[in-house]
>>> print(open('upload-v6.pdb').read())   # PDB, C-alpha atoms
ATOM      1  CA  MET A 103     120.197  93.206 225.901
ATOM      2  CA  ILE A 104     117.398  94.678 228.041
ATOM      3  CA  ARG A 105     118.690  96.975 230.792
ATOM      4  CA  LEU A 106     117.933 100.047 232.860
ATOM      5  CA  ALA A 107     118.803 103.235 231.040
ATOM      6  CA  THR A 108     121.276 105.685 232.551
ATOM      7  CA  ALA A 109     121.872 109.384 231.916
ATOM      8  CA  ALA A 110     124.302 108.326 229.179
ATOM      9  CA  ASP A 111     121.298 106.906 227.275
ATOM     10  CA  ALA A 112     119.400 110.206 227.012
ATOM     11  CA  VAL A 113     120.201 110.690 223.306
ATOM     12  CA  ALA A 114     119.212 107.133 222.347
ATOM     13  CA  THR A 115     115.998 107.328 224.368
ATOM     14  CA  GLY A 116     115.121 110.746 222.945
ATOM     15  CA  ARG A 117     115.635 109.449 219.410
ATOM     16  CA  LEU A 118     113.384 106.453 220.059
ATOM     17  CA  LEU A 119     110.591 108.621 221.454
ATOM     18  CA  PHE A 120     110.850 110.931 218.447
ATOM     19  CA  ASP A 121     110.717 107.933 216.080
ATOM     20  CA  PHE A 122     107.684 106.564 217.948
ATOM     21  CA  ASN A 123     105.765 109.811 217.552
ATOM     22  CA  ALA A 124     106.823 110.224 213.918
ATOM     23  CA  GLU A 125     105.751 106.674 213.056
ATOM     24  CA  PHE A 126     102.234 107.319 214.313
ATOM     25  CA  LEU A 127     102.091 110.844 212.811
ATOM     26  CA  THR A 128     101.849 112.475 216.246
ATOM     27  CA  PRO A 129     103.043 116.095 216.390
ATOM     28  CA  THR A 130     106.373 115.905 218.172
ATOM     29  CA  PRO A 131     109.283 117.965 219.426
ATOM     30  CA  THR A 132     112.710 117.085 218.024
ATOM     31  CA  ALA A 133     114.808 114.118 219.108
ATOM     32  CA  GLU A 134     117.271 116.626 220.570
ATOM     33  CA  TYR A 135     114.535 118.157 222.715
ATOM     34  CA  PHE A 136     113.577 114.719 224.035
ATOM     35  CA  ALA A 137     117.248 113.916 224.703
ATOM     36  CA  GLU A 138     117.508 117.022 226.890
ATOM     37  CA  ARG A 139     114.327 116.026 228.744
ATOM     38  CA  PHE A 140     115.637 112.502 229.317
ATOM     39  CA  GLU A 141     118.909 113.884 230.707
ATOM     40  CA  HIS A 142     116.801 115.224 233.592
ATOM     41  CA  LEU A 143     114.235 112.423 233.752
ATOM     42  CA  LEU A 144     116.817 109.632 233.951
ATOM     43  CA  ALA A 145     118.251 111.218 237.109
ATOM     44  CA  ARG A 146     114.914 111.053 238.955
ATOM     45  CA  GLU A 147     114.052 108.360 241.487
ATOM     46  CA  ASP A 148     110.422 108.283 240.321
ATOM     47  CA  VAL A 149     111.303 107.371 236.722
ATOM     48  CA  ILE A 150     112.154 103.981 235.262
ATOM     49  CA  VAL A 151     113.427 103.696 231.688
ATOM     50  CA  VAL A 152     114.265 100.286 230.292
ATOM     51  CA  LEU A 153     116.261 100.118 227.074
ATOM     52  CA  ALA A 154     116.714  97.394 224.461
ATOM     53  CA  ASP A 155     120.206  97.765 223.046
ATOM     54  CA  GLY A 156     120.873  97.094 219.383
ATOM     55  CA  GLU A 157     123.696  95.009 217.983
ATOM     56  CA  THR A 158     126.303  97.650 218.826
ATOM     57  CA  GLY A 159     124.805  98.772 222.144
ATOM     58  CA  ALA A 160     122.859 101.880 223.094
ATOM     59  CA  SER A 161     123.959 103.805 220.005
ATOM     60  CA  ASP A 162     121.511 101.752 217.949
ATOM     61  CA  ALA A 163     118.942 101.011 220.660
ATOM     62  CA  VAL A 164     115.847  99.308 219.248
ATOM     63  CA  GLY A 165     113.220  99.961 221.924
ATOM     64  CA  PHE A 166     112.394 101.409 225.309
ATOM     65  CA  ALA A 167     109.787 101.473 228.054
ATOM     66  CA  PHE A 168     109.254 104.581 230.175
ATOM     67  CA  PHE A 169     107.483 104.353 233.549
ATOM     68  CA  THR A 170     106.728 107.049 236.115
ATOM     69  CA  LEU A 171     105.890 106.425 239.768
ATOM     70  CA  ARG A 172     103.475 108.430 241.902
ATOM     71  CA  PRO A 173     102.324 108.169 245.492
ATOM     72  CA  THR A 174      98.880 106.885 246.395
ATOM     73  CA  PRO A 175      96.909 106.878 249.652
ATOM     74  CA  TYR A 176      95.772 103.305 248.920
ATOM     75  CA  ALA A 177      99.124 101.565 249.381
ATOM     76  CA  ASP A 178     102.525 102.067 250.949
ATOM     77  CA  GLY A 179     104.246 101.905 247.563
ATOM     78  CA  PRO A 180     103.669 104.004 244.468
ATOM     79  CA  ILE A 181     101.447 103.447 241.460
ATOM     80  CA  ALA A 182     103.467 102.973 238.295
ATOM     81  CA  HIS A 183     102.296 104.422 235.000
ATOM     82  CA  LEU A 184     103.642 103.084 231.721
ATOM     83  CA  GLU A 185     104.051 106.296 229.749
ATOM     84  CA  GLU A 186     105.601 104.884 226.579
ATOM     85  CA  LEU A 187     106.671 101.541 225.137
ATOM     86  CA  TYR A 188     108.200 101.403 221.672
ATOM     87  CA  VAL A 189     110.039  98.881 219.527
ATOM     88  CA  ARG A 190     111.302  99.679 216.041
ATOM     89  CA  PRO A 191     108.735  98.369 213.506
ATOM     90  CA  GLU A 192     111.091  95.960 211.730
ATOM     91  CA  LEU A 193     111.862  94.216 215.046
ATOM     92  CA  ARG A 194     108.346  93.751 216.388
ATOM     93  CA  SER A 195     106.915  90.294 217.129
ATOM     94  CA  ARG A 196     110.309  89.066 218.356
ATOM     95  CA  GLY A 197     109.631  89.389 222.094
ATOM     96  CA  ILE A 198     111.479  92.685 222.583
ATOM     97  CA  GLY A 199     108.349  94.577 223.688
ATOM     98  CA  SER A 200     107.456  91.784 226.098
ATOM     99  CA  ALA A 201     110.985  91.799 227.511
ATOM    100  CA  LEU A 202     110.912  95.585 227.958
ATOM    101  CA  LEU A 203     107.522  95.440 229.651
ATOM    102  CA  GLU A 204     108.477  92.569 231.957
ATOM    103  CA  ARG A 205     111.754  94.212 233.008
ATOM    104  CA  GLY A 206     109.974  97.511 233.665
ATOM    105  CA  LEU A 207     107.286  95.770 235.703
ATOM    106  CA  ALA A 208     109.956  93.940 237.714
ATOM    107  CA  GLU A 209     111.719  97.244 238.434
ATOM    108  CA  ALA A 210     108.430  98.880 239.488
ATOM    109  CA  LEU A 211     107.621  95.942 241.754
ATOM    110  CA  ALA A 212     111.094  96.125 243.307
ATOM    111  CA  LEU A 213     110.368  99.780 244.122
ATOM    112  CA  GLY A 214     107.155  98.745 245.890
ATOM    113  CA  ALA A 215     104.594  99.605 243.202
ATOM    114  CA  SER A 216     101.121  98.354 244.065
ATOM    115  CA  GLU A 217      99.708  98.483 240.516
ATOM    116  CA  VAL A 218     100.495  99.680 237.010
ATOM    117  CA  HIS A 219      98.338 101.947 234.844
ATOM    118  CA  ILE A 220      98.535 102.543 231.113
ATOM    119  CA  GLY A 221      96.462 104.556 228.672
ATOM    120  CA  VAL A 222      95.823 102.883 225.309
ATOM    121  CA  ASP A 223      93.937 104.362 222.376
ATOM    122  CA  GLU A 224      90.670 102.508 221.767
ATOM    123  CA  GLY A 225      91.451 102.017 218.095
ATOM    124  CA  ASP A 226      94.934 100.607 218.725
ATOM    125  CA  VAL A 227      93.822  96.986 218.663
ATOM    126  CA  ASP A 228      97.360  95.594 218.450
ATOM    127  CA  ALA A 229      98.499  97.479 221.571
ATOM    128  CA  ARG A 230      95.349  96.502 223.459
ATOM    129  CA  ARG A 231      95.866  92.846 222.556
ATOM    130  CA  PHE A 232      99.546  93.077 223.607
ATOM    131  CA  TYR A 233      98.731  94.508 227.041
ATOM    132  CA  GLU A 234      95.818  92.131 227.622
ATOM    133  CA  ARG A 235      98.155  89.232 226.815
ATOM    134  CA  HIS A 236     100.379  90.548 229.624
ATOM    135  CA  GLY A 237      97.582  90.640 232.200
ATOM    136  CA  PHE A 238      96.296  94.203 231.821
ATOM    137  CA  SER A 239      92.558  94.853 231.759
ATOM    138  CA  ASN A 240      90.286  97.836 231.267
ATOM    139  CA  LEU A 241      87.751  96.369 233.696
ATOM    140  CA  GLU A 242      87.444  97.421 237.330
ATOM    141  CA  PRO A 243      88.488  94.328 239.329
ATOM    142  CA  ASP A 244      85.751  94.691 241.974
ATOM    143  CA  THR A 245      82.792  95.570 239.747
ATOM    144  CA  GLY A 246      83.711  94.489 236.216
ATOM    145  CA  GLU A 247      82.810  97.967 234.924
ATOM    146  CA  ARG A 248      84.856  99.349 232.051
ATOM    147  CA  MET A 249      87.470 101.913 233.126
ATOM    148  CA  LEU A 250      88.039 105.064 231.107
ATOM    149  CA  LEU A 251      90.899 107.537 231.038
ATOM    150  CA  TYR A 252      89.951 111.199 230.796
ATOM    151  CA  LEU A 253      92.364 113.901 229.665
ATOM    152  CA  ARG A 254      92.460 117.671 229.835
ATOM    153  CA  SER A 255      95.320 119.564 228.208
ATOM    154  CA  PHE A 256      96.549 122.942 229.421
TER     155      PHE A 256
END
>>> encode(input="upload-v6.pdb", output="structure tokens")
Amino acid sequence: MIRLATAADAVATGRLLFDFNAEFLTPTPTAEYFAERFEHLLAREDVIVVLADGETGASDAVGFAFFTLRPTPYADGPIAHLEELYVRPELRSRGIGSALLERGLAEALALGASEVHIGVDEGDVDARRFYERHGFSNLEPDTGERMLLYLRSF
């Protein structure tokens, strides 16, 4: 079942984010730390988290998508940013990621989002192919120029 996460899903969502980072060998805080963060994030109106429940519900959730919303001077509604999308490795290629993405996009659209942004690592060919299959592009619509994401950590 694909559904919006609630505050009661903070532990499951935190565990999934930890597993995502661990799978890709990304330095990561603990699952407990993420659970505490999601307790606060899931209460915000500018956050959308979509959860894919496992066979017994949220306790064995198998994937999630995490969107944030921000204002923009270019439209009345916000811009959505897909922060994270993860499905357990053994369950990939079964449509769960697509279902999470589509539900999250529908929720963002219902909240008036004018567009959705996502950052994808250049070398992550599978993720790039997945998002392109769902209509995302790294080309500026008006000029066809390649778009780049720049980052500065503090």
>>> residues_around(input="upload-v6.pdb", residues="segment 178-194 of chain A", least_positions_apart="2", cutoff="10 Å", atoms="all atoms listed in the file", output="number ranges by chain")
A: 118-119, 121-123, 125, 148-154, 163-176, 196-200, 202-203, 206-207, 210-222, 229
>>> atom_distance(input="upload-v6.pdb", atom1="atom CA of Leu127 of chain A", atom2="atom CA of Asp155 of chain A")
24.6 Å
>>> closest_residue(input="upload-v6.pdb", among="A:Thr108, A:Met103, A:Ser195, A:Phe140", to="Phe120 of chain A", atoms="only C-alpha atoms")
A:Phe140
>>> residues_around(input="upload-v6.pdb", residues="Glu224 of chain A", least_positions_apart="4", cutoff="12 Å", atoms="only C-alpha atoms", output="PDB file with C-alpha atoms, in the frame of the given file")
ATOM      1  CA  ASP A 228      97.360  95.594 218.450  1.00  0.00           C
ATOM      2  CA  ALA A 229      98.499  97.479 221.571  1.00  0.00           C
ATOM      3  CA  ARG A 230      95.349  96.502 223.459  1.00  0.00           C
ATOM      4  CA  ARG A 231      95.866  92.846 222.556  1.00  0.00           C
ATOM      5  CA  ASN A 240      90.286  97.836 231.267  1.00  0.00           C
ATOM      6  CA  MET A 249      87.470 101.913 233.126  1.00  0.00           C
ATOM      7  CA  LEU A 250      88.039 105.064 231.107  1.00  0.00           C
ATOM      8  CA  LEU A 251      90.899 107.537 231.038  1.00  0.00           C
TER       9      LEU A 251
END
>>> resolve_selection(input="upload-v6.pdb", expression="the PyMOL selection byres ((chain A and resi 136) around 9)", output="ChimeraX atom specification")
/A:112-113,115-117,119-120,131-135,137-141
>>> atom_distance(input="upload-v6.pdb", atom1="atom CA of Arg235 of chain A", atom2="atom CA of Tyr252 of chain A")
23.8 Å
>>> closest_residue(input="upload-v6.pdb", among="A:Asp111, A:Glu234, A:Asp226, A:Glu247", to="Ser161 of chain A", atoms="only C-alpha atoms")
A:Asp111
